[in-house]
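> Dropping in query23.txt, with compact mmCIF, C-alpha atoms and all ligand atoms.
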# COMPACT_ATOMS: atom_id res chain seq x y z
CA MET A 1 139.32 74.97 47.30
CA GLN A 2 140.04 78.60 46.47
CA ASN A 3 137.31 81.07 47.38
CA ILE A 4 136.07 82.69 44.18
CA LEU A 5 134.06 85.85 44.72
CA ILE A 6 131.19 87.07 42.53
CA PHE A 7 131.13 90.76 41.58
CA ALA A 8 127.93 92.07 40.02
CA HIS A 9 129.02 93.96 36.91
CA ARG A 10 127.36 97.43 36.76
CA GLY A 11 125.15 95.89 39.46
CA SER A 12 122.93 93.03 38.31
CA LYS A 13 123.03 94.44 34.79
CA GLY A 14 121.41 91.40 33.19
CA THR A 15 118.20 91.68 35.19
CA HIS A 16 118.16 95.31 36.38
CA PRO A 17 119.01 98.72 34.89
CA GLU A 18 122.80 98.97 34.94
CA ASN A 19 124.58 101.20 37.46
CA THR A 20 121.43 101.96 39.45
CA MET A 21 120.64 101.46 43.13
CA ALA A 22 118.07 98.81 42.12
CA ALA A 23 120.84 96.83 40.42
CA PHE A 24 123.20 97.19 43.40
CA GLN A 25 120.44 96.32 45.85
CA LYS A 26 119.68 93.14 43.90
CA ALA A 27 123.35 92.14 44.00
CA ALA A 28 123.34 92.52 47.78
CA GLU A 29 120.09 90.58 48.17
CA ILE A 30 121.23 87.56 46.23
CA GLY A 31 124.56 87.35 48.06
CA ALA A 32 127.16 88.68 45.63
CA GLU A 33 130.37 89.59 47.39
CA GLY A 34 130.94 92.75 45.38
CA ILE A 35 129.63 95.21 42.83
CA GLU A 36 131.39 96.93 39.96
CA PHE A 37 130.36 100.38 38.74
CA ASP A 38 131.61 103.28 36.61
CA VAL A 39 132.29 106.88 37.64
CA HIS A 40 132.20 110.12 35.62
CA LEU A 41 132.05 113.82 36.57
CA SER A 42 129.10 116.20 36.18
CA SER A 43 129.64 119.79 34.95
CA ASP A 44 129.79 120.95 38.58
CA GLY A 45 132.25 118.26 39.64
CA GLU A 46 130.01 115.66 41.28
CA LEU A 47 130.85 111.95 40.98
CA VAL A 48 128.18 110.32 38.82
CA ILE A 49 127.59 106.56 38.48
CA ILE A 50 126.88 105.72 34.86
CA HIS A 51 128.67 103.65 32.22
CA ASP A 52 128.69 105.78 29.08
CA GLU A 53 130.10 109.29 28.68
CA THR A 54 126.66 110.20 27.33
CA LEU A 55 123.21 109.85 28.81
CA ASP A 56 121.25 108.72 25.76
CA ARG A 57 121.50 104.92 25.94
CA THR A 58 120.46 104.38 29.55
CA THR A 59 118.52 107.49 30.64
CA THR A 60 115.81 109.91 29.56
CA LEU A 61 118.31 112.78 29.17
CA THR A 62 120.63 113.29 26.20
CA GLY A 63 124.16 114.57 25.67
CA TYR A 64 127.31 114.27 27.71
CA VAL A 65 127.27 113.67 31.47
CA LYS A 66 130.03 116.28 31.78
CA ASP A 67 127.75 118.97 30.29
CA HIS A 68 125.00 118.59 32.91
CA SER A 69 124.89 119.75 36.51
CA ALA A 70 124.23 117.26 39.30
CA GLN A 71 120.84 118.88 39.83
CA LYS A 72 119.88 118.29 36.20
CA LEU A 73 121.19 114.71 36.24
CA LYS A 74 118.96 114.03 39.23
CA THR A 75 115.92 114.65 37.00
CA ALA A 76 116.83 111.78 34.65
CA ASP A 77 115.09 108.46 34.67
CA ALA A 78 117.66 105.66 34.55
CA GLY A 79 115.26 102.75 34.81
CA SER A 80 112.58 102.97 32.14
CA LYS A 81 114.86 102.35 29.16
CA PHE A 82 115.62 98.96 30.69
CA SER A 83 112.01 98.22 31.61
CA ASN A 84 108.94 100.17 32.75
CA GLU A 85 109.09 98.10 35.89
CA PHE A 86 112.03 100.32 36.92
CA LEU A 87 110.44 103.67 36.00
CA GLY A 88 111.59 106.29 38.51
CA GLU A 89 115.03 104.78 39.10
CA ARG A 90 117.58 107.62 39.28
CA ILE A 91 121.19 108.03 38.23
CA PRO A 92 123.08 107.45 41.47
CA PHE A 93 126.01 109.52 42.71
CA LEU A 94 128.99 108.01 44.48
CA THR A 95 127.69 109.44 47.77
CA ASP A 96 124.40 107.51 47.29
CA VAL A 97 126.28 104.24 46.83
CA PHE A 98 128.59 104.85 49.80
CA ASP A 99 125.65 105.89 52.01
CA TRP A 100 123.88 102.66 51.10
CA ALA A 101 127.06 100.60 51.47
CA LYS A 102 127.28 101.54 55.16
CA GLY A 103 124.47 99.01 55.64
CA ASN A 104 126.20 96.06 54.01
CA ALA A 105 129.66 94.53 53.56
CA LEU A 106 129.92 94.49 49.77
CA LEU A 107 133.24 95.14 48.11
CA MET A 108 133.12 97.88 45.48
CA ASN A 109 135.13 97.93 42.27
CA VAL A 110 135.05 101.59 41.29
CA GLU A 111 136.00 101.99 37.63
CA ILE A 112 137.38 105.45 36.90
CA LYS A 113 136.08 106.21 33.40
CA THR A 114 138.97 108.31 32.15
CA ASP A 115 139.73 106.23 29.06
CA LYS A 116 137.73 108.52 26.74
CA LEU A 117 137.47 111.83 28.64
CA ALA A 118 140.06 113.35 30.98
CA TYR A 119 137.79 114.44 33.92
CA GLU A 120 140.38 116.67 35.58
CA GLY A 121 140.70 115.89 39.29
CA ILE A 122 138.35 112.89 39.34
CA GLU A 123 140.91 110.67 41.11
CA GLN A 124 141.28 113.07 44.08
CA LYS A 125 137.52 113.50 44.34
CA ILE A 126 136.99 109.74 44.48
CA ILE A 127 139.72 109.39 47.10
CA ASP A 128 138.20 112.19 49.20
CA SER A 129 134.82 110.49 49.09
CA ILE A 130 136.30 107.11 50.05
CA ARG A 131 138.01 108.76 53.05
CA GLN A 132 134.91 110.70 54.04
CA TYR A 133 132.86 107.50 54.16
CA GLY A 134 135.61 105.32 55.62
CA MET A 135 135.42 102.91 52.68
CA GLU A 136 139.18 102.38 52.35
CA ASN A 137 138.96 98.61 52.89
CA ARG A 138 135.91 98.15 50.71
CA VAL A 139 137.06 99.59 47.40
CA ILE A 140 139.21 98.53 44.46
CA LEU A 141 139.94 101.37 42.05
CA SER A 142 140.40 100.29 38.44
CA SER A 143 140.76 101.98 35.06
CA PHE A 144 141.65 101.27 31.46
CA ASN A 145 143.59 104.52 31.74
CA HIS A 146 146.64 103.38 33.68
CA GLN A 147 147.68 107.00 34.24
CA SER A 148 144.61 107.37 36.46
CA ILE A 149 145.80 104.39 38.46
CA GLU A 150 149.27 105.99 38.72
CA LYS A 151 147.62 109.14 40.07
CA VAL A 152 145.72 107.18 42.70
CA LYS A 153 148.96 105.44 43.67
CA MET A 154 150.61 108.83 44.23
CA LEU A 155 147.67 110.42 46.01
CA ALA A 156 146.53 107.45 48.10
CA PRO A 157 149.05 104.61 48.11
CA ASP A 158 147.05 102.71 50.74
CA LEU A 159 144.05 102.18 48.43
CA GLU A 160 143.78 98.99 46.40
CA ARG A 161 144.19 99.51 42.67
CA ALA A 162 143.79 97.37 39.55
CA LEU A 163 144.81 97.55 35.91
CA LEU A 164 142.04 97.04 33.38
CA PHE A 165 142.76 95.59 29.94
CA GLU A 166 140.66 94.97 26.87
CA GLY A 167 142.88 92.69 24.83
CA LEU A 168 146.43 92.31 26.09
CA PRO A 169 149.47 94.09 24.70
CA GLU A 170 152.43 91.83 23.95
CA ASN A 171 154.34 93.35 26.86
CA PHE A 172 151.54 92.94 29.41
CA GLU A 173 153.83 90.95 31.71
CA GLU A 174 156.35 93.80 31.72
CA ILE A 175 153.53 96.26 32.45
CA LEU A 176 152.35 94.19 35.42
CA ARG A 177 155.91 93.82 36.69
CA ASN A 178 156.65 97.53 36.43
CA LYS A 179 153.35 98.84 37.78
CA LYS A 180 153.41 96.60 40.85
CA GLU A 181 149.67 96.90 41.42
CA LEU A 182 147.51 94.31 43.12
CA GLY A 183 144.71 93.69 40.64
CA PHE A 184 144.77 92.41 37.07
CA HIS A 185 141.39 92.86 35.33
CA PRO A 186 141.60 91.46 31.77
CA ASP A 187 138.64 90.77 29.52
CA LYS A 188 137.68 87.12 29.94
CA ASN A 189 138.84 86.04 26.48
CA SER A 190 142.37 87.28 27.08
CA LEU A 191 142.75 85.18 30.19
CA THR A 192 144.45 82.00 29.01
CA PRO A 193 146.13 79.58 31.46
CA ALA A 194 149.54 81.00 30.45
CA VAL A 195 148.44 84.59 31.07
CA LYS A 196 146.93 83.62 34.41
CA GLU A 197 150.16 81.89 35.50
CA LYS A 198 152.27 84.93 34.61
CA ALA A 199 150.00 87.33 36.51
CA LYS A 200 149.77 85.01 39.53
CA LYS A 201 153.57 84.68 39.68
CA LEU A 202 153.76 88.46 39.87
CA GLY A 203 151.38 88.37 42.85
CA TYR A 204 148.30 89.75 41.13
CA LYS A 205 144.67 89.11 42.06
CA ILE A 206 142.88 88.08 38.89
CA ARG A 207 139.41 89.44 38.23
CA PRO A 208 138.33 88.92 34.61
CA TRP A 209 135.27 90.56 33.09
CA VAL A 210 132.50 89.73 32.07
CA ALA A 211 131.42 86.06 32.28
CA ASN A 212 127.72 85.35 31.90
CA ASP A 213 127.30 81.86 30.53
CA GLU A 214 127.99 78.60 32.30
CA ALA A 215 130.89 77.54 30.10
CA ASP A 216 132.78 80.78 30.75
CA ILE A 217 132.05 80.81 34.47
CA VAL A 218 133.22 77.21 34.90
CA ARG A 219 136.31 77.80 32.73
CA LEU A 220 137.33 80.80 34.85
CA ALA A 221 136.63 78.95 38.10
CA GLU A 222 138.81 76.05 36.94
CA LEU A 223 141.50 78.51 36.00
CA GLY A 224 141.53 79.67 39.63
CA VAL A 225 140.58 83.33 39.30
CA ASP A 226 139.93 85.41 42.42
CA VAL A 227 136.75 87.12 41.22
CA ILE A 228 134.25 86.53 38.45
CA MET A 229 132.52 89.68 37.22
CA THR A 230 129.12 88.97 35.77
CA ASP A 231 125.91 90.67 34.66
CA PHE A 232 123.95 87.75 36.18
CA PRO A 233 125.28 87.29 39.71
CA GLU A 234 122.37 85.14 40.88
CA ARG A 235 122.95 82.68 38.03
CA ALA A 236 126.73 82.77 38.58
CA ILE A 237 126.36 81.96 42.28
CA LYS A 238 124.25 78.89 41.41
CA ILE A 239 126.73 77.76 38.75
CA LEU A 240 129.66 78.13 41.14
CA LYS A 241 127.79 76.25 43.87
CA ALA A 242 127.10 73.33 41.52
CA TRP A 243 130.69 73.40 40.26
CA ARG A 244 132.06 73.30 43.83
CA SER A 245 129.82 70.40 44.79
CA HIS A 246 131.07 68.37 41.81
CA GLY A 247 134.68 69.42 42.24
O1 LIG B 301 135.60 96.64 35.03
C1 LIG B 301 135.33 95.69 34.08
C2 LIG B 301 134.39 96.17 33.03
O2 LIG B 301 133.36 96.88 33.64
C3 LIG B 301 135.03 97.02 31.99
O3 LIG B 301 134.22 97.26 30.90
O4 LIG B 301 132.80 98.63 29.47
O5 LIG B 301 131.75 97.25 31.22
O6 LIG B 301 133.02 99.27 31.84
P1 LIG B 301 132.90 98.15 30.86
CA CA B 302 132.98 99.08 34.15
Could you render the structure as structure tokens?
Ligand code: G3P
Ligand code: CA

Amino acid sequence: MQNILIFAHRGSKGTHPENTMAAFQKAAEIGAEGIEFDVHLSSDGELVIIHDETLDRTTTLTGYVKDHSAQKLKTADAGSKFSNEFLGERIPFLTDVFDWAKGNALLMNVEIKTDKLAYEGIEQKIIDSIRQYGMENRVILSSFNHQSIEKVKMLAPDLERALLFEGLPENFEEILRNKKELGFHPDKNSLTPAVKEKAKKLGYKIRPWVANDEADIVRLAELGVDVIMTDFPERAIKILKAWRSHG
């Protein structure tokens, strides 16, 4: 039976504040094989782990991430909006995650958030950090902005890359064929058996996002995906275990 890995989407987003060390720590504790997180740039060029371009939804600061220095961002609380239980949780930086990752074997899907803002030079900064920490074999770089993935390919051809899609264009097969990347990350609803077959034939690893309920998780497992990204990794591990034992 194919080994399907569980990646904790934005960490254990369903039970912990998204994109925080608490969420990543939980994913490691419960035995997820990987974590997914999002990267932006601060005003002084530091790599910041947060989902939105703005701070308002998930932290106690307001405004754009890009308009605040790293020092200022470090004063934000990124836990209390999820629950007071997580009061004091900080916005992590990529260096925090890589420092922590030295103590475990988790794979890391680093999403480069250049689909709304350009973040000049973010690709090179991420690559430099990966090299500095020796994380080359632990990371998968993905983006909805396929030009960012092209840049990574030029700057660091040895690093694993993946193409993110929300909905599929009619010519997605042509895109996959031309880009010759390794990872195909469609939204879960776009991944039909026919789409999966086409991507597999082109040699792609298939890592759909985001499956949280049992029906979706089982459907994707039966489809033979490589990774299931989920906000509830603990639940997904249990569902997969039960599915394997009945399979
Ligand atoms: O990488 C998959 C998924 O994280 C993309 O969507 O909005 O959660 O970053 P989003
Ligand atoms: Ca993401």
> Could you check which of A:Leu155, A:Ile228, A:Leu182, A:Leu164 is closest to ligand CA 302 (chain B), using only C-alpha atoms and all ligand atoms?
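Closest to ligand CA 302 (chain B), using only C-alpha atoms and all ligand atoms: A:Leu164.
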> Identify, on the basis of all atoms listed in the file, every residue whose closest approach to A:Ile126 does not exceed 10 Å; exclude the query and any residue fewer than 5 positions from it along the same chain; express the result as a list in words.
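Within the cut-off, the hits are Val39, Glu46, Leu47, Leu94, Thr95, Val110, Ile112, Gly121, Arg131, Gln132, Leu141 and Val152 of chain A.
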> Could you pull out the residues sitting within 9 Å of ligand LIG 301 (chain B), using all atoms listed in the file, and write them as a PyMOL selection string?
chain A and resi 9-10+36-38+51-52+109-111+113+142-144+164-166+185-187+207-210+229
> So that I can check the surroundings of stretch 191-202 of chain A, please list as a PDB file with C-alpha atoms, in the frame of the given file every protein, DNA and RNA residue that reaches within 12 Å of it, counting all atoms listed in the file and ignoring chain neighbours fewer than 2 positions away.

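Everything below was put into around-v4.pdb:
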ATOM      1  CA  LEU A 163     144.810  97.550  35.910  1.00  0.00           C
ATOM      2  CA  PHE A 165     142.760  95.590  29.940  1.00  0.00           C
ATOM      3  CA  GLU A 166     140.660  94.970  26.870  1.00  0.00           C
ATOM      4  CA  GLY A 167     142.880  92.690  24.830  1.00  0.00           C
ATOM      5  CA  LEU A 168     146.430  92.310  26.090  1.00  0.00           C
ATOM      6  CA  PRO A 169     149.470  94.090  24.700  1.00  0.00           C
ATOM      7  CA  GLU A 170     152.430  91.830  23.950  1.00  0.00           C
ATOM      8  CA  ASN A 171     154.340  93.350  26.860  1.00  0.00           C
ATOM      9  CA  PHE A 172     151.540  92.940  29.410  1.00  0.00           C
ATOM     10  CA  GLU A 173     153.830  90.950  31.710  1.00  0.00           C
ATOM     11  CA  GLU A 174     156.350  93.800  31.720  1.00  0.00           C
ATOM     12  CA  ILE A 175     153.530  96.260  32.450  1.00  0.00           C
ATOM     13  CA  LEU A 176     152.350  94.190  35.420  1.00  0.00           C
ATOM     14  CA  ARG A 177     155.910  93.820  36.690  1.00  0.00           C
ATOM     15  CA  ASN A 178     156.650  97.530  36.430  1.00  0.00           C
ATOM     16  CA  LYS A 179     153.350  98.840  37.780  1.00  0.00           C
ATOM     17  CA  LYS A 180     153.410  96.600  40.850  1.00  0.00           C
ATOM     18  CA  GLU A 181     149.670  96.900  41.420  1.00  0.00           C
ATOM     19  CA  LEU A 182     147.510  94.310  43.120  1.00  0.00           C
ATOM     20  CA  GLY A 183     144.710  93.690  40.640  1.00  0.00           C
ATOM     21  CA  PHE A 184     144.770  92.410  37.070  1.00  0.00           C
ATOM     22  CA  HIS A 185     141.390  92.860  35.330  1.00  0.00           C
ATOM     23  CA  PRO A 186     141.600  91.460  31.770  1.00  0.00           C
ATOM     24  CA  ASP A 187     138.640  90.770  29.520  1.00  0.00           C
ATOM     25  CA  LYS A 188     137.680  87.120  29.940  1.00  0.00           C
ATOM     26  CA  ASN A 189     138.840  86.040  26.480  1.00  0.00           C
ATOM     27  CA  TYR A 204     148.300  89.750  41.130  1.00  0.00           C
ATOM     28  CA  LYS A 205     144.670  89.110  42.060  1.00  0.00           C
ATOM     29  CA  ILE A 206     142.880  88.080  38.890  1.00  0.00           C
ATOM     30  CA  ARG A 207     139.410  89.440  38.230  1.00  0.00           C
ATOM     31  CA  PRO A 208     138.330  88.920  34.610  1.00  0.00           C
ATOM     32  CA  TRP A 209     135.270  90.560  33.090  1.00  0.00           C
ATOM     33  CA  VAL A 210     132.500  89.730  32.070  1.00  0.00           C
ATOM     34  CA  ALA A 211     131.420  86.060  32.280  1.00  0.00           C
ATOM     35  CA  ASP A 216     132.780  80.780  30.750  1.00  0.00           C
ATOM     36  CA  ARG A 219     136.310  77.800  32.730  1.00  0.00           C
ATOM     37  CA  LEU A 220     137.330  80.800  34.850  1.00  0.00           C
ATOM     38  CA  ALA A 221     136.630  78.950  38.100  1.00  0.00           C
ATOM     39  CA  GLU A 222     138.810  76.050  36.940  1.00  0.00           C
ATOM     40  CA  LEU A 223     141.500  78.510  36.000  1.00  0.00           C
ATOM     41  CA  GLY A 224     141.530  79.670  39.630  1.00  0.00           C
ATOM     42  CA  VAL A 225     140.580  83.330  39.300  1.00  0.00           C
ATOM     43  CA  ASP A 226     139.930  85.410  42.420  1.00  0.00           C
ATOM     44  CA  ILE A 228     134.250  86.530  38.450  1.00  0.00           C
TER      45      ILE A 228
END
> Of the candidates A:Asp44, A:Glu160, A:Asp96, A:Glu123, which one gets nearest to A:Arg138 if we count all atoms listed in the file?
A:Glu160
> Skipping near chain neighbours, those fewer than 4 positions away, what residues fall within 12 Å of A:Gly31 using all atoms listed in the file, listed as an NGL selection string?
:A and (5-8 or 12 or 24-27 or 35 or 104-107 or 232-238)
> Those same residues, written as a PDB file, keeping the file's coordinate frame with C-alpha atoms?

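Heads up, here's the output in result_17.pdb:
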ATOM      1  CA  LEU A   5     134.060  85.850  44.720  1.00  0.00           C
ATOM      2  CA  ILE A   6     131.190  87.070  42.530  1.00  0.00           C
ATOM      3  CA  PHE A   7     131.130  90.760  41.580  1.00  0.00           C
ATOM      4  CA  ALA A   8     127.930  92.070  40.020  1.00  0.00           C
ATOM      5  CA  SER A  12     122.930  93.030  38.310  1.00  0.00           C
ATOM      6  CA  PHE A  24     123.200  97.190  43.400  1.00  0.00           C
ATOM      7  CA  GLN A  25     120.440  96.320  45.850  1.00  0.00           C
ATOM      8  CA  LYS A  26     119.680  93.140  43.900  1.00  0.00           C
ATOM      9  CA  ALA A  27     123.350  92.140  44.000  1.00  0.00           C
ATOM     10  CA  ILE A  35     129.630  95.210  42.830  1.00  0.00           C
ATOM     11  CA  ASN A 104     126.200  96.060  54.010  1.00  0.00           C
ATOM     12  CA  ALA A 105     129.660  94.530  53.560  1.00  0.00           C
ATOM     13  CA  LEU A 106     129.920  94.490  49.770  1.00  0.00           C
ATOM     14  CA  LEU A 107     133.240  95.140  48.110  1.00  0.00           C
ATOM     15  CA  PHE A 232     123.950  87.750  36.180  1.00  0.00           C
ATOM     16  CA  PRO A 233     125.280  87.290  39.710  1.00  0.00           C
ATOM     17  CA  GLU A 234     122.370  85.140  40.880  1.00  0.00           C
ATOM     18  CA  ARG A 235     122.950  82.680  38.030  1.00  0.00           C
ATOM     19  CA  ALA A 236     126.730  82.770  38.580  1.00  0.00           C
ATOM     20  CA  ILE A 237     126.360  81.960  42.280  1.00  0.00           C
ATOM     21  CA  LYS A 238     124.250  78.890  41.410  1.00  0.00           C
TER      22      LYS A 238
END
> I'd like the neighbourhood of stretch 60-74 of chain A as number ranges by chain, where a residue qualifies if any of its atoms comes within 9 Å (using all atoms listed in the file), though same-chain residues fewer than 3 positions away should be ignored.
A: 40-48, 50, 52-57, 77-81, 90-93, 119
> Counting all atoms listed in the file, figure out which residue out of A:Ala32, A:Ala76, A:Met108, A:Ile130 gets nearest to ligand CA 302 (chain B).
A:Met108
> Might I get the box with edges along x, y and z of the file that holds all atoms of stretch 17-36 of chain A listed there, padded by 5 Å on every side, given as centre and edge lengths in Å to one decimal, as AutoDock Vina command-line options?

--center_x 124.7 --center_y 94.7 --center_z 41.5 --size_x 23.3 --size_y 24.6 --size_z 23.3
> For atom CA of A:Tyr133 and atom CA of A:Asn3, quote the distance in Å rounded to one decimal.
27.6 Å
> Could you work out how far atom CA of A:Asp128 lies from atom CA of A:Glu89, giving the answer in Å with one decimal?
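So the two atoms, atom CA of A:Glu89 and atom CA of A:Asp128, lie 26.3 Å apart.
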> Atom CA of A:Leu159 to atom CA of A:Ile30: how many Å, to one decimal?
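Atom CA of A:Leu159 sits 27.2 Å away from atom CA of A:Ile30.
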